[in-house]
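Remarks on the structure that follows.
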Amino acid sequence: MAIETLKTLFNRDLNKLKLEIGSYQNESKIWSIDKNISNSAGNLCLHLIGNLNTYIGAQIGKTNYIRNRELEFSQKDIPQAVLITQIEATIQTVNEALLLLTDADLRKEYPLLVFETKTSTAFLLIHLTTHLAYHLGQINYHRRLLDN
């Protein structure tokens, strides 16, 4: 039951991310920063893609994804359509990886040290849903403030 809930949350918010990125009327605004807004929507999107492909794809799904976190915040001007394609691939990766888990797996220790102390796989996955939602909200505000 918990795995289905996680799948529902990840799918809901990743599809919303796809909608937000696709809703920019001026594609160049995806990469805009202004005053106290230090991360563009494009960079936040790349960050979410890298984060989920690392902690769910590579670790749970064994995809061999290799993250370059620095590029998530330094790359610019990736076309809107490419970002959407990457989000769609991330949705597929997350779904395939979560299908591999059992409820017993959720109680096991997550294989990487992500925080100061080890956590369960369930804790890390719940954290990833809130991390996704947090940045999704930032992207929504970014779009409404700067895509005018």
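Quick note on naming: the chains in the structure tokens go A, B, ... in the order shown, residues restart at 1 in each chain, and ligands are numbered from 1 in order of appearance.
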
Every residue of segment 27-132 of chain A that DSSP places in strand (DSSP E or B), as number ranges by chain: A: 34, 37, 109, 120

Applying 7 Å and only C-alpha atoms, which residues near Thr121 of chain A remain after dropping the ones on its own chain fewer than 4 positions away? List them as a PyMOL selection string. chain A and resi 106-110+125

Would you save the residues from that selection as a short mmCIF file (atom, residue, chain, number, x, y, z; two decimals), in the first residue's frame, using N, CA, C and O atoms?
```
data_model
loop_
_atom_site.label_atom_id
_atom_site.label_comp_id
_atom_site.auth_asym_id
_atom_site.auth_seq_id
_atom_site.Cartn_x
_atom_site.Cartn_y
_atom_site.Cartn_z
N LEU A 106 10.95 -1.38 2.01
CA LEU A 106 10.80 -0.02 2.55
C LEU A 106 11.35 0.09 3.97
O LEU A 106 11.83 1.15 4.36
N ARG A 107 11.29 -0.99 4.70
CA ARG A 107 11.78 -0.98 6.08
C ARG A 107 13.30 -1.16 6.17
O ARG A 107 13.90 -0.88 7.20
N LYS A 108 13.91 -1.59 5.09
CA LYS A 108 15.36 -1.81 5.08
C LYS A 108 16.10 -0.48 5.04
O LYS A 108 15.57 0.55 4.60
N GLU A 109 17.34 -0.54 5.46
CA GLU A 109 18.20 0.64 5.41
C GLU A 109 18.48 1.02 3.96
O GLU A 109 18.83 0.16 3.14
N TYR A 110 18.35 2.30 3.65
CA TYR A 110 18.69 2.77 2.31
C TYR A 110 20.19 2.59 2.11
O TYR A 110 20.98 2.87 3.02
N LEU A 125 12.43 7.82 0.51
CA LEU A 125 11.45 8.01 -0.55
C LEU A 125 10.42 9.09 -0.17
O LEU A 125 10.03 9.90 -1.01
#
```

So that I can check the surroundings of Glu70 of chain A, please list as a PyMOL selection string every protein, DNA and RNA residue that reaches within 12 Å of it, counting only C-alpha atoms and ignoring chain neighbours fewer than 5 positions away. chain A and resi 43-44+46-47+50-51+75

Write out, as an mmCIF file, in the first residue's frame, the residues just selected, with N, CA and C atoms.
```
data_model
loop_
_atom_site.group_PDB
_atom_site.id
_atom_site.type_symbol
_atom_site.label_atom_id
_atom_site.label_comp_id
_atom_site.auth_asym_id
_atom_site.auth_seq_id
_atom_site.Cartn_x
_atom_site.Cartn_y
_atom_site.Cartn_z
ATOM 1 N N ASN A 43 16.963 25.091 -14.092
ATOM 2 C CA ASN A 43 17.949 24.459 -13.217
ATOM 3 C C ASN A 43 17.288 23.651 -12.110
ATOM 4 N N LEU A 44 16.174 24.146 -11.579
ATOM 5 C CA LEU A 44 15.454 23.356 -10.572
ATOM 6 C C LEU A 44 14.906 22.067 -11.180
ATOM 7 N N LEU A 46 16.237 20.423 -13.766
ATOM 8 C CA LEU A 46 17.397 19.527 -13.931
ATOM 9 C C LEU A 46 17.813 18.919 -12.596
ATOM 10 N N HIS A 47 17.738 19.708 -11.542
ATOM 11 C CA HIS A 47 18.079 19.230 -10.200
ATOM 12 C C HIS A 47 17.130 18.106 -9.772
ATOM 13 N N GLY A 50 17.946 14.967 -11.807
ATOM 14 C CA GLY A 50 19.172 14.345 -11.314
ATOM 15 C C GLY A 50 18.981 13.667 -9.980
ATOM 16 N N ASN A 51 18.253 14.322 -9.097
ATOM 17 C CA ASN A 51 17.999 13.797 -7.763
ATOM 18 C C ASN A 51 17.242 12.469 -7.823
ATOM 19 N N GLN A 75 24.097 24.311 -16.173
ATOM 20 C CA GLN A 75 23.627 24.231 -17.554
ATOM 21 C C GLN A 75 22.534 25.265 -17.794
#
```

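Comparing A:Ser28, A:Thr90, A:Ile33, A:Glu72 by their smallest distance to Ala58 of chain A, the closest is A:Thr90 (using only C-alpha atoms).
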